[in-house]
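Below: structure-v4.cif (mmCIF, C-alpha atoms)
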```cif
data_entry
loop_
_atom_site.label_atom_id
_atom_site.label_comp_id
_atom_site.auth_asym_id
_atom_site.auth_seq_id
_atom_site.Cartn_x
_atom_site.Cartn_y
_atom_site.Cartn_z
CA MET A 1 20.74 -21.36 -4.92
CA GLN A 2 20.48 -20.66 -1.20
CA GLN A 3 16.92 -20.28 0.02
CA ARG A 4 15.89 -17.01 1.63
CA THR A 5 14.77 -17.00 5.24
CA PHE A 6 11.22 -15.95 6.09
CA ALA A 7 12.40 -12.47 7.07
CA GLU A 8 14.50 -12.20 3.89
CA GLU A 9 11.54 -13.30 1.78
CA ILE A 10 9.32 -10.62 3.32
CA LYS A 11 11.98 -7.98 2.66
CA TYR A 12 12.44 -9.23 -0.91
CA GLN A 13 8.71 -9.20 -1.66
CA TRP A 14 8.39 -5.70 -0.20
CA ASN A 15 11.26 -4.38 -2.33
CA TYR A 16 10.61 -6.26 -5.58
CA GLY A 17 7.10 -7.73 -5.43
CA GLY A 18 5.45 -4.55 -6.66
CA PRO A 19 3.11 -1.95 -5.14
CA HIS A 20 0.20 -4.39 -4.94
CA ILE A 21 2.32 -6.60 -2.66
CA GLN A 22 3.20 -3.57 -0.54
CA LEU A 23 -0.49 -2.64 -0.25
CA ILE A 24 -1.36 -6.21 0.75
CA GLY A 25 1.42 -6.04 3.35
CA ILE A 26 0.04 -2.83 4.85
CA ASN A 27 -3.48 -4.27 4.94
CA LEU A 28 -2.16 -7.43 6.60
CA LEU A 29 -0.29 -5.43 9.25
CA VAL A 30 -3.38 -3.35 10.05
CA PHE A 31 -5.54 -6.51 10.17
CA LEU A 32 -3.16 -8.13 12.67
CA ILE A 33 -3.06 -4.97 14.83
CA ILE A 34 -6.87 -4.75 14.89
CA GLY A 35 -7.26 -8.45 15.64
CA THR A 36 -4.69 -8.37 18.44
CA LEU A 37 -6.28 -5.35 20.12
CA LEU A 38 -9.75 -6.90 19.94
CA VAL A 39 -8.51 -10.20 21.40
CA PHE A 40 -6.80 -8.48 24.34
CA GLY A 41 -9.89 -6.37 24.90
CA ARG A 42 -12.05 -9.50 25.25
CA LEU A 43 -9.51 -11.33 27.42
CA PHE A 44 -9.15 -8.52 29.93
CA THR A 45 -12.82 -7.56 30.18
CA GLY A 46 -14.77 -10.67 29.19
CA SER A 47 -16.93 -8.52 26.93
CA GLU A 48 -17.01 -7.64 23.24
CA ILE A 49 -17.62 -4.00 24.13
CA ASN A 50 -14.56 -2.60 25.87
CA LEU A 51 -12.04 0.23 25.72
CA LEU A 52 -9.85 -1.43 23.09
CA HIS A 53 -12.90 -2.15 20.91
CA TRP A 54 -13.89 1.50 21.22
CA LEU A 55 -10.33 2.56 20.35
CA VAL A 56 -10.18 0.35 17.26
CA GLN A 57 -13.59 1.47 16.07
CA ASN A 58 -12.72 5.13 16.42
CA ILE A 59 -9.31 4.86 14.73
CA PHE A 60 -9.90 2.41 11.88
CA THR A 61 -13.49 3.03 10.74
CA LEU A 62 -15.11 5.74 8.67
CA HIS A 63 -18.28 7.03 10.29
CA GLY A 64 -20.66 7.26 7.37
CA ASN A 65 -22.23 10.65 8.00
CA ILE A 66 -20.97 14.22 7.96
CA LYS A 67 -21.10 14.67 11.74
CA GLY A 68 -19.14 11.50 12.38
CA PHE A 69 -16.63 12.38 9.68
CA LEU A 70 -16.02 15.87 11.09
CA VAL A 71 -15.36 14.41 14.54
CA ARG A 72 -13.07 11.63 13.22
CA PRO A 73 -11.81 12.76 9.77
CA TRP A 74 -8.83 10.38 9.77
CA GLY A 75 -11.21 7.45 9.27
CA ILE A 76 -11.56 8.22 5.57
CA VAL A 77 -7.90 7.16 5.19
CA THR A 78 -7.44 4.48 7.86
CA SER A 79 -10.63 2.63 6.90
CA MET A 80 -9.33 1.80 3.41
CA PHE A 81 -6.60 -0.36 5.00
CA ALA A 82 -8.72 -1.90 7.76
CA HIS A 83 -10.60 -5.21 7.93
CA PHE A 84 -12.31 -6.74 10.97
CA ASP A 85 -13.38 -10.04 9.39
CA LEU A 86 -10.97 -12.70 8.12
CA PHE A 87 -13.00 -13.65 5.03
CA HIS A 88 -13.54 -10.00 4.12
CA PHE A 89 -9.78 -9.49 4.37
CA LEU A 90 -8.87 -12.62 2.36
CA PHE A 91 -11.35 -11.89 -0.44
CA ASN A 92 -10.18 -8.30 -0.83
CA MET A 93 -6.47 -9.21 -0.76
CA ILE A 94 -6.85 -12.00 -3.33
CA PHE A 95 -8.78 -9.63 -5.58
CA LEU A 96 -6.17 -6.90 -5.03
CA TYR A 97 -3.35 -9.30 -5.92
CA PHE A 98 -4.82 -10.25 -9.29
CA VAL A 99 -6.15 -6.84 -10.34
CA GLY A 100 -2.92 -5.22 -9.14
CA ARG A 101 -0.88 -7.47 -11.43
CA MET A 102 -3.16 -6.64 -14.35
CA PHE A 103 -2.95 -2.92 -13.59
CA LEU A 104 0.86 -3.00 -13.66
CA MET A 105 0.82 -4.45 -17.17
CA TYR A 106 -0.46 -1.08 -18.41
CA PHE A 107 0.33 1.52 -15.75
CA SER A 108 3.07 2.51 -13.33
CA ALA A 109 3.57 1.67 -9.67
CA LYS A 110 2.99 5.30 -8.66
CA ARG A 111 -0.30 5.30 -10.52
CA LEU A 112 -1.45 2.15 -8.73
CA TRP A 113 -0.74 3.73 -5.34
CA ALA A 114 -2.57 6.91 -6.38
CA THR A 115 -5.57 5.00 -7.74
CA TYR A 116 -5.85 2.95 -4.55
CA VAL A 117 -5.75 5.96 -2.24
CA MET A 118 -7.78 8.39 -4.36
CA GLY A 119 -10.36 5.72 -5.22
CA GLY A 120 -10.73 4.93 -1.52
CA LEU A 121 -11.14 8.61 -0.69
CA LEU A 122 -13.87 9.13 -3.28
CA GLY A 123 -15.57 5.95 -2.06
CA GLY A 124 -15.63 7.38 1.45
CA ILE A 125 -16.99 10.70 0.18
CA PHE A 126 -19.78 8.90 -1.71
CA GLN A 127 -20.72 7.00 1.44
CA ILE A 128 -20.80 10.14 3.61
CA LEU A 129 -22.85 12.14 1.10
CA ALA A 130 -25.35 9.33 0.53
CA TYR A 131 -26.05 8.92 4.25
CA SER A 132 -26.44 12.67 4.59
CA ILE A 133 -28.66 13.29 1.54
CA PHE A 134 -31.10 10.38 1.17
CA PRO A 135 -33.92 10.44 3.77
CA GLY A 136 -34.09 6.65 3.92
CA LEU A 137 -30.48 6.48 5.11
CA GLN A 138 -30.41 9.41 7.52
CA GLY A 139 -30.22 8.59 11.21
CA VAL A 140 -28.59 5.22 10.48
CA ASN A 141 -25.28 4.68 12.27
CA THR A 142 -22.97 3.20 9.67
CA TYR A 143 -19.29 2.35 9.86
CA VAL A 144 -17.21 1.68 6.78
CA VAL A 145 -14.08 -0.49 6.71
CA GLY A 146 -12.22 -2.30 4.00
CA ALA A 147 -10.28 -1.81 0.79
CA SER A 148 -13.20 -2.61 -1.53
CA GLY A 149 -13.66 0.94 -2.85
CA SER A 150 -9.93 1.25 -3.56
CA ILE A 151 -9.78 -2.15 -5.27
CA MET A 152 -12.84 -1.32 -7.35
CA ALA A 153 -11.05 1.81 -8.57
CA ILE A 154 -8.03 -0.26 -9.67
CA PHE A 155 -10.18 -2.88 -11.36
CA MET A 156 -12.38 -0.38 -13.20
CA ALA A 157 -9.34 1.53 -14.46
CA VAL A 158 -8.07 -1.67 -16.11
CA ALA A 159 -11.51 -2.80 -17.29
CA PHE A 160 -12.35 0.48 -19.02
CA TYR A 161 -8.82 0.92 -20.37
CA ARG A 162 -8.83 -2.59 -21.91
CA PRO A 163 -12.56 -3.44 -22.07
CA MET A 164 -12.15 -6.22 -24.64
CA GLU A 165 -9.30 -7.90 -22.76
CA GLU A 166 -10.29 -11.48 -21.94
CA VAL A 167 -9.65 -13.21 -18.62
CA MET A 168 -10.35 -16.74 -17.42
CA LEU A 169 -13.04 -16.58 -14.75
CA PHE A 170 -12.54 -19.38 -12.18
CA GLY A 171 -9.95 -20.72 -14.60
CA ILE A 172 -12.60 -22.13 -16.96
CA ILE A 173 -14.77 -19.33 -18.38
CA ARG A 174 -13.27 -16.87 -20.88
CA ILE A 175 -14.95 -13.50 -20.44
CA LYS A 176 -14.23 -9.90 -21.42
CA MET A 177 -13.26 -7.44 -18.70
CA ILE A 178 -16.08 -5.04 -19.50
CA PHE A 179 -18.71 -7.71 -18.76
CA ILE A 180 -17.22 -8.42 -15.33
CA ALA A 181 -17.14 -4.68 -14.66
CA GLY A 182 -20.78 -4.41 -15.70
CA VAL A 183 -21.81 -7.16 -13.27
CA PHE A 184 -20.03 -5.43 -10.37
CA ILE A 185 -21.64 -2.09 -11.21
CA LEU A 186 -25.16 -3.55 -11.47
CA LEU A 187 -24.79 -5.53 -8.23
CA ASP A 188 -23.90 -2.39 -6.31
CA LEU A 189 -26.57 -0.24 -7.97
CA PHE A 190 -29.41 -2.70 -7.37
CA ARG A 191 -28.48 -3.28 -3.72
CA LEU A 192 -28.36 0.38 -2.68
CA GLY A 193 -30.36 0.98 0.47
CA THR A 194 -30.37 -2.68 1.57
CA GLN A 195 -29.18 -3.72 5.03
CA ASP A 196 -26.59 -6.26 3.88
CA ASN A 197 -23.62 -4.68 5.73
CA ILE A 198 -21.89 -3.81 2.44
CA ALA A 199 -20.89 -0.22 1.70
CA HIS A 200 -22.30 -0.09 -1.83
CA PHE A 201 -21.93 3.68 -2.10
CA ALA A 202 -18.23 3.34 -1.23
CA HIS A 203 -17.92 0.73 -3.99
CA LEU A 204 -19.62 3.09 -6.44
CA GLY A 205 -17.25 5.90 -5.47
CA GLY A 206 -14.32 3.64 -6.28
CA ILE A 207 -15.96 2.60 -9.54
CA VAL A 208 -16.50 6.22 -10.58
CA PHE A 209 -12.91 7.11 -9.77
CA GLY A 210 -11.52 4.13 -11.69
CA ILE A 211 -13.43 5.14 -14.84
CA TRP A 212 -12.58 8.82 -14.30
CA SER A 213 -8.88 8.04 -13.84
CA ILE A 214 -8.35 6.94 -17.43
CA ARG A 215 -9.99 9.96 -19.04
CA ASN A 216 -7.42 12.25 -20.70
CA LEU A 217 -4.94 9.59 -19.67
CA HIS A 218 -1.78 11.25 -20.95
CA ALA A 219 -2.84 14.84 -20.28
CA ARG A 220 -1.66 16.99 -17.40
CA ASN A 221 -5.27 17.48 -16.27
CA ASN A 222 -5.79 13.74 -15.76
CA ILE A 223 -7.15 13.32 -12.22
CA VAL A 224 -4.38 10.91 -11.16
CA GLU A 225 -1.68 13.18 -12.57
CA ILE A 226 -3.20 16.11 -10.69
CA GLY A 227 -3.19 14.08 -7.49
CA LEU A 228 0.40 12.94 -7.95
CA THR A 229 1.59 16.47 -8.73
CA TRP A 230 -0.23 17.83 -5.68
CA TRP A 231 1.31 15.16 -3.44
CA GLU A 232 4.82 15.68 -4.82
CA ASN A 233 4.52 19.43 -4.24
CA ILE A 234 3.52 18.81 -0.64
CA ILE A 235 6.51 16.50 -0.12
CA ALA A 236 8.83 19.03 -1.75
CA LYS A 237 7.55 21.82 0.51
CA PHE A 238 7.79 19.57 3.56
CA ASN A 239 11.38 18.72 2.75
CA ASN A 240 11.99 22.37 1.82
CA GLN A 241 14.59 21.28 -0.69
CA PRO A 242 14.64 21.94 -4.43
CA LYS A 243 15.10 18.95 -6.69
CA LYS A 244 18.75 18.31 -7.42
CA LEU A 245 20.08 17.74 -10.92
CA LYS A 246 21.78 14.40 -11.39
CA VAL A 247 25.33 14.90 -12.63
CA LYS A 248 28.15 12.71 -13.81
CA ARG A 249 31.72 13.05 -12.71
CA GLY A 250 33.20 16.10 -14.30
CA GLY A 251 30.17 18.24 -13.46
CA LYS A 252 28.18 17.69 -16.67
CA VAL A 253 24.43 17.30 -16.46
CA ASN A 254 23.33 13.85 -17.68
CA ASN A 255 21.30 15.05 -20.64
CA GLN A 256 24.17 17.23 -21.86
CA THR A 257 26.56 14.30 -22.24
CA LYS A 258 24.55 12.74 -25.08
CA THR A 259 23.38 13.93 -28.45
CA ASP A 260 19.66 13.92 -29.19
CA ASP A 261 20.05 10.84 -31.42
CA GLU A 262 21.93 8.96 -28.72
CA PHE A 263 19.31 9.87 -26.13
CA ARG A 264 16.44 8.73 -28.38
CA LYS A 265 18.24 5.47 -29.26
CA LYS A 266 18.83 4.66 -25.60
CA LYS A 267 15.19 5.39 -24.79
CA MET A 268 13.99 3.18 -27.67
CA ASP A 269 16.27 0.33 -26.59
CA LYS A 270 15.00 0.60 -23.03
CA GLN A 271 11.38 0.58 -24.21
CA ALA A 272 12.03 -2.49 -26.36
CA GLU A 273 13.45 -4.26 -23.31
CA ILE A 274 10.38 -3.34 -21.23
CA ASP A 275 8.02 -4.45 -24.03
CA ALA A 276 9.76 -7.83 -24.18
CA ILE A 277 9.32 -8.28 -20.42
CA LEU A 278 5.63 -7.28 -20.57
CA ASP A 279 5.11 -9.70 -23.46
CA LYS A 280 6.68 -12.46 -21.36
CA ILE A 281 4.30 -11.62 -18.49
CA SER A 282 1.25 -11.77 -20.78
CA LYS A 283 2.33 -15.22 -22.07
CA SER A 284 3.76 -16.89 -18.98
CA GLY A 285 2.84 -14.70 -15.99
CA TYR A 286 4.80 -12.47 -13.67
CA ASP A 287 6.38 -15.39 -11.80
CA SER A 288 8.18 -16.51 -14.98
CA LEU A 289 10.43 -13.43 -14.90
CA THR A 290 14.02 -13.67 -13.78
CA LYS A 291 15.25 -11.65 -10.83
CA LYS A 292 16.99 -9.24 -13.24
CA GLU A 293 13.81 -8.78 -15.31
CA LYS A 294 11.74 -8.08 -12.19
CA GLN A 295 14.30 -5.50 -11.09
CA ILE A 296 14.23 -3.83 -14.54
CA LEU A 297 10.42 -3.67 -14.44
CA PHE A 298 10.44 -2.34 -10.87
CA ASP A 299 13.00 0.36 -11.70
CA GLN A 300 11.04 1.39 -14.77
CA SER A 301 7.76 1.63 -12.82
CA LYS A 302 9.34 4.13 -10.43
CA ASN A 303 10.33 6.40 -13.31
CA VAL A 304 6.99 6.46 -15.12
#
```
Can you present the structure in this file as structure tokens?
Amino acid sequence: MQQRTFAEEIKYQWNYGGPHIQLIGINLLVFLIIGTLLVFGRLFTGSEINLLHWLVQNIFTLHGNIKGFLVRPWGIVTSMFAHFDLFHFLFNMIFLYFVGRMFLMYFSAKRLWATYVMGGLLGGIFQILAYSIFPGLQGVNTYVVGASGSIMAIFMAVAFYRPMEEVMLFGIIRIKMIFIAGVFILLDLFRLGTQDNIAHFAHLGGIVFGIWSIRNLHARNNIVEIGLTWWENIIAKFNNQPKKLKVKRGGKVNNQTKTDDEFRKKKMDKQAEIDAILDKISKSGYDSLTKKEKQILFDQSKNV
């Protein structure tokens, strides 16, 4: 089999690697843009504080108080994709890779995207409110960057959906998901108000959203479903086009060409195929899938 070029591999991973790979790709691109701008700023001025540093800080950070947020509201979105430190970036992306794969064993690609964004937003809101309410935090200039709140939302959704699921910690310790979640929650709670340069309130916002996201999971009033519906309505209005019915040649609507029994049988067969693929992932990992199986799983995730 002919090997893919580097560019072809990037395109393949973007198309078939899954939403967690796409999110890692976006975070990587933003990290490279930030790093490049900061380097050029230092080279041209000889100082850490320069115009490009100011530009990066005002575009890619969330100012953790209401006044700063009102002046630069876009930061609540851009900050969840931004990292200034290499180790911060690497830790978050490794964590995102593994928890993203686990999330996709139970939920759809659209839901992962929604959980990442909405968890990051609630994390930002928690941070802003905390630094505006608690006297001990008021007057402190704080800037929030990083995907930690979003990743916490993804992890907590899996942990509270499958709390007794066991994972191998560091490859040697078998531990239930709920215990790992408990450690993360306690670490953030007990370090609130410390000056350790970690946005613990943003983490807690992500944690709350992750737990909240699996309540009434299959109901229309589930918070993620509400968010997805709201977003799809915005896109529909922006496009100003009604959804088109898919038809076969001859002008018949798809669902009208099959009897109810045929439709149910096809759906059951498709679900059996998906279950077999998920079972293979749980036993041998995602990388054991064939190209065809990955494509089937990817196509199914877009329709859920």
Inset, instruction - For the point (-7.1, -3.5, 15.3) in the file's frame, write as a ChimeraX atom specification all residues with an atom no more than 9 Å away, counting only C-alpha atoms. - result: /A:30-38,52-53,55-57,59-60,82-84
Legend entry - Selection near Leu169 in chain A, 12 Å with all atoms listed in the file, sequence-local residues under 6 positions removed, as a ChimeraX atom specification: /A:98,175-177,179-180
Please produce a file of those selected residues containing C-alpha atoms, as a CSV table (one decimal), in the coordinates of the input.
```csv
chain,number,residue,atom,x,y,z
A,98,PHE,CA,-4.8,-10.2,-9.3
A,175,ILE,CA,-15.0,-13.5,-20.4
A,176,LYS,CA,-14.2,-9.9,-21.4
A,177,MET,CA,-13.3,-7.4,-18.7
A,179,PHE,CA,-18.7,-7.7,-18.8
A,180,ILE,CA,-17.2,-8.4,-15.3
```
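Here the PyMOL selection byres ((chain A and resi 225) around 12) matches the residues Ser108, Lys110, Arg111, Leu112, Trp113, Ala114, Thr115, Met118, Trp212, Ser213, Ile214, Arg215, Asn216, Leu217, His218, Ala219, Arg220, Asn221, Asn222, Ile223, Val224, Ile226, Gly227, Leu228, Thr229, Trp230, Trp231, Glu232 and Val304 of chain A.
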Inset, instruction - Find, counting only C-alpha atoms, the residue in A:Asn65, A:Gln13, A:Ser284, A:Ser79 that gets nearest to Leu129 in chain A. - result: A:Asn65
Inset, instruction - For the structure shown, which residues end up in the PyMOL selection byres ((chain A and resi 132) around 12)? Put them as a PyMOL selection string, please? - result: chain A and resi 63-69+125-131+133-142
Create the file for the chosen residues now, containing C-alpha atoms and written as a CSV table (one decimal), in the coordinates of the input.
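Below is the file out_4.csv, written as the result:
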```csv
chain,number,residue,atom,x,y,z
A,63,HIS,CA,-18.3,7.0,10.3
A,64,GLY,CA,-20.7,7.3,7.4
A,65,ASN,CA,-22.2,10.6,8.0
A,66,ILE,CA,-21.0,14.2,8.0
A,67,LYS,CA,-21.1,14.7,11.7
A,68,GLY,CA,-19.1,11.5,12.4
A,69,PHE,CA,-16.6,12.4,9.7
A,125,ILE,CA,-17.0,10.7,0.2
A,126,PHE,CA,-19.8,8.9,-1.7
A,127,GLN,CA,-20.7,7.0,1.4
A,128,ILE,CA,-20.8,10.1,3.6
A,129,LEU,CA,-22.8,12.1,1.1
A,130,ALA,CA,-25.4,9.3,0.5
A,131,TYR,CA,-26.0,8.9,4.2
A,133,ILE,CA,-28.7,13.3,1.5
A,134,PHE,CA,-31.1,10.4,1.2
A,135,PRO,CA,-33.9,10.4,3.8
A,136,GLY,CA,-34.1,6.6,3.9
A,137,LEU,CA,-30.5,6.5,5.1
A,138,GLN,CA,-30.4,9.4,7.5
A,139,GLY,CA,-30.2,8.6,11.2
A,140,VAL,CA,-28.6,5.2,10.5
A,141,ASN,CA,-25.3,4.7,12.3
A,142,THR,CA,-23.0,3.2,9.7
```
Hey, what comes out of the PyMOL selection byres ((chain A and resi 154) around 9) on this file? Could you write it as a PDB file with C-alpha atoms, in the frame of the given file?
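Output (selection_39.pdb):
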```pdb
ATOM      1  CA  LEU A  96      -6.170  -6.900  -5.030  1.00  0.00           C
ATOM      2  CA  VAL A  99      -6.150  -6.840 -10.340  1.00  0.00           C
ATOM      3  CA  GLY A 100      -2.920  -5.220  -9.140  1.00  0.00           C
ATOM      4  CA  PHE A 103      -2.950  -2.920 -13.590  1.00  0.00           C
ATOM      5  CA  LEU A 112      -1.450   2.150  -8.730  1.00  0.00           C
ATOM      6  CA  THR A 115      -5.570   5.000  -7.740  1.00  0.00           C
ATOM      7  CA  TYR A 116      -5.850   2.950  -4.550  1.00  0.00           C
ATOM      8  CA  GLY A 119     -10.360   5.720  -5.220  1.00  0.00           C
ATOM      9  CA  GLY A 149     -13.660   0.940  -2.850  1.00  0.00           C
ATOM     10  CA  SER A 150      -9.930   1.250  -3.560  1.00  0.00           C
ATOM     11  CA  ILE A 151      -9.780  -2.150  -5.270  1.00  0.00           C
ATOM     12  CA  MET A 152     -12.840  -1.320  -7.350  1.00  0.00           C
ATOM     13  CA  ALA A 153     -11.050   1.810  -8.570  1.00  0.00           C
ATOM     14  CA  PHE A 155     -10.180  -2.880 -11.360  1.00  0.00           C
ATOM     15  CA  MET A 156     -12.380  -0.380 -13.200  1.00  0.00           C
ATOM     16  CA  ALA A 157      -9.340   1.530 -14.460  1.00  0.00           C
ATOM     17  CA  VAL A 158      -8.070  -1.670 -16.110  1.00  0.00           C
ATOM     18  CA  ALA A 159     -11.510  -2.800 -17.290  1.00  0.00           C
ATOM     19  CA  GLY A 206     -14.320   3.640  -6.280  1.00  0.00           C
ATOM     20  CA  ILE A 207     -15.960   2.600  -9.540  1.00  0.00           C
ATOM     21  CA  PHE A 209     -12.910   7.110  -9.770  1.00  0.00           C
ATOM     22  CA  GLY A 210     -11.520   4.130 -11.690  1.00  0.00           C
TER      23      GLY A 210
END
```
